[in-house]
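*Asks:* Here it is, the structure in full.
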Amino acid sequence: MAPTAPSLSSPTRRRAAVTPDVQHDLEQSLARVINWVRAHDYKAYEPADGNSSLLFPLTGGRVLPMRVLQQVVLRCPFNVRPLLGVRPHESAIARGYMAWAYLIRTRKGDHEDLRREAQACLAWLMMNRAAGYDEFCWGDPYEYATRNGRRPYGEPLLIWSALIGQAFLEAFEQFLDDGYLRVAESVGRWIQQIPNEHTASGVCLSYHGFRRTWIHNANVMGAAFLARLGSMTSDSKALSTAHSAMTYTCTRQRSDGSWFYAEDPDYHWIDNFHTGYNLSALKVYRTATGDRSFDDHLHRGVRYFRANFFEADGRPKYFHDRTYPVDIQCAAQAIETLASLAEHDVDHLRQALLVATWTIGHLQAPDGHFCHRDLGWTRVTTPMLHWGQATMAKALAVLLDTCAGDHV
């Protein structure tokens with residue numbers, strides 16, 4: 001079990017030594033995955049892209065057959081996609097994460113090549129927004145089906161739009177280009193137009209705009225973006241919505257510090273990367289607003305996260321009560337979340353480094369891409385784009401940025 005995290009009221013004074021060898025390994029790993037993404041022209045697969053298959057017409061657009069096709073492709077231990085006509089494709093959220101990774105690496109004023117690459121990714125995102133919407137927002141480039149129903153091709157998602165919006169805010173802070181801020185403000189307007197679930201203890205922002213769906217990680221990611229945007233632009237409505245959304249999710253935190261994926265009984269599971277999303281969102285909200293009213297929730301959530309989602313060697317578990325499948329998204333989000341919290345407890349940085357070392361050693365392929373999953377008896381080496389390459393690029397960029405901080 002992980003040690004109890006200290007209070008978040010002030011940074012700890014302990015220091016962590018990051019050796020030159022570890023620093024070098026992290027930098028080389030990041031360079032290799034960036035080179036892989038660029039060499040493949042920002043095209044690969046995603047776990048849920050099975051309905052891009054040539055077999056899709058056989059589903060008749062019905063939810064159950066779509067879910068079956070989607071799950072068969074996702075869970076196959078080898079890459080069946082080329083056999084089914086699923087081609088490598090681009091992804092808005094992958095572009096957003098890659099832009100964000102490049103921007104983090106250029107904060108210190110170097111890496112001119114990565115700065116240009118970030119600007120190119122942001123330009124691509126401005127050209128490839130969701131069709132049919134007045135404001136900037138983004139979705140997935142495939143049909144998707146869940147137990148809650150069918151999501152049409154390209155339908156914008158709250159969580160993707162909020163995360164991409166954060167990349168535009170990062171770009172505005174670096175380049176002071178009002179064009180990036182205008183895109184972020186447009187994203188903020190779209191988020192505040194989608195349906196809310198109004199309760200006596202806060203509002204929950206809908207996962208997407210065309211149907212009401214209440215999911216914790218999307219809600220707090222939307223709140224984190226609105227908090228950062230509202231703080232930068234003095235937008236009181238955005239700040240009020242952000243606080244209310246955070247209230248909704250924090251008041252529904254379980255007594256042990258965990259969260260269900262959502263409150264609907266069909267979604268009562270607890271997993272690694274969605275918990276990481278919640279914690280990262282709380283950290284962004286706190287940093288942006290200075291509001292410490294949710295510190296106890298963040299503290300208890302981090303303690304639960306550390307105690308339940310990692311093996312002793314750094315292997316990230318998928319669920320709180322079982323390890324497999326070891327998924328690259330769990331690794332990436334864990335690294336990012338823990339590194340971002342290191343200013344409060346340097347032990348979080350040590351854990352982030354342990355997870356990164358395990359992931360690089362076990363899931364990074366010789367060509368530089370990160371494998372999708374470790375099933376225990378085999379590795380699924382399928383190269384996903386956002387789910388693995390882009391999220392690991394950002395996670396490693398955050399980790400290296402943290403390692404350069406004055407508390408290290």
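The way I read the labels, and the way they are meant: chains A, B, ... in the order of the structure tokens, residue 1 as the first residue of every chain, and ligand 1 as the first ligand shown, with later ones counted on from there.
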Residues within 9 Å of A:Tyr324, please, as a list in words. Count only C-alpha atoms; anything in the same chain fewer than 2 positions from it doesn't count.
*Replies:*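 In the requested form, the answer reads Lys317, Tyr318, Phe319, Arg322, Val326, Asp327, Arg373, Asp374, Leu375 and Gly376 of chain A.
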*Asks:* Find, counting only C-alpha atoms, the residue in A:Met232, A:Ile93, A:Ala44, A:Cys121 that gets nearest to A:Thr391.
*Replies:*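 Ranking A:Met232, A:Ile93, A:Ala44, A:Cys121 by distance to A:Thr391, first place goes to A:Ile93.
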*Asks:* When you look at stretch 146-153 of chain A with a cut-off of 10 Å (counting only C-alpha atoms), what residues show up, excluding the ones that are within fewer than 4 positions of it in the same chain? I need them as a ChimeraX atom specification.
*Replies:* /A:51-52,61-64,66-67,70,130,139-142,157,208,210-211,213,266-267
*Asks:* So how far away is atom CA of A:Gln333 from atom CA of A:Arg379, in Å?
*Replies:*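 Between atom CA of A:Arg379 and atom CA of A:Gln333 the gap works out to 19.5 Å.
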*Asks:* Enter the distance from atom CA of A:Thr106 to atom CA of A:Ala242, in Å, rounded to one decimal.
*Replies:*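 We find that atom CA of A:Thr106 and atom CA of A:Ala242 lie 28.6 Å from each other.
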*Asks:* Any chance you could list, as a PyMOL selection string, the residues in stretch 216-378 of chain A that come up helix (DSSP H, G or I) when DSSP is run on the backbone?
*Replies:* chain A and resi 216-233+236-250+265-267+272-289+295-308+328-340+346-363
*Asks:* Write out as a PyMOL selection string each polymer residue whose atoms come within 12 Å of A:Leu103, counting only C-alpha atoms; drop sequence neighbours fewer than 3 positions from it.
*Replies:* chain A and resi 96-100+106-122+166-175+393-394+397-398+401
*Asks:* Skip A:Ser201 itself and residues of its chain fewer than 2 positions away, then list as a VMD selection string all residues within 12 Å of it, counting only C-alpha atoms.
*Replies:* chain A and resid 197 to 199 203 to 204 243 to 252
*Asks:* Just the strand (DSSP E or B) stuff from stretch 268-334 of chain A, please, per backbone DSSP, written as an MDAnalysis selection string.
*Replies:* chainID A and resid 271 310 316 319 322 326:327
*Asks:* Go ahead and write the selection's residues with N, CA and C atoms as a short mmCIF file (atom, residue, chain, number, x, y, z; two decimals), in the first residue's frame.
*Replies:*
```cif
data_model
loop_
_atom_site.label_atom_id
_atom_site.label_comp_id
_atom_site.auth_asym_id
_atom_site.auth_seq_id
_atom_site.Cartn_x
_atom_site.Cartn_y
_atom_site.Cartn_z
N ASP A 271 -11.81 2.21 -12.29
CA ASP A 271 -10.62 1.86 -13.05
C ASP A 271 -9.54 2.93 -12.92
N PHE A 310 -1.44 0.04 -8.60
CA PHE A 310 -0.07 -0.22 -9.04
C PHE A 310 0.50 -1.44 -8.33
N PRO A 316 1.07 -0.75 -13.94
CA PRO A 316 -0.25 -0.17 -13.63
C PRO A 316 -1.36 -1.20 -13.80
N PHE A 319 -8.03 -2.29 -13.19
CA PHE A 319 -9.09 -2.08 -12.21
C PHE A 319 -8.50 -2.06 -10.80
N ARG A 322 -8.08 -5.88 -9.84
CA ARG A 322 -7.35 -6.85 -10.66
C ARG A 322 -6.46 -6.11 -11.64
N VAL A 326 -3.20 -5.07 -18.65
CA VAL A 326 -2.38 -3.88 -18.43
C VAL A 326 -2.46 -3.05 -19.70
N ASP A 327 -3.05 -1.87 -19.59
CA ASP A 327 -3.40 -1.07 -20.75
C ASP A 327 -2.52 0.17 -20.81
#
```
*Asks:* Need to verify the contact set: A:Leu158, 7 Å, only C-alpha atoms, exclusion of same-chain residues closer than 3 positions in sequence. Can you return it as a VMD selection string?
*Replies:* chain A and resid 161 to 162 191 207 to 208 218 222
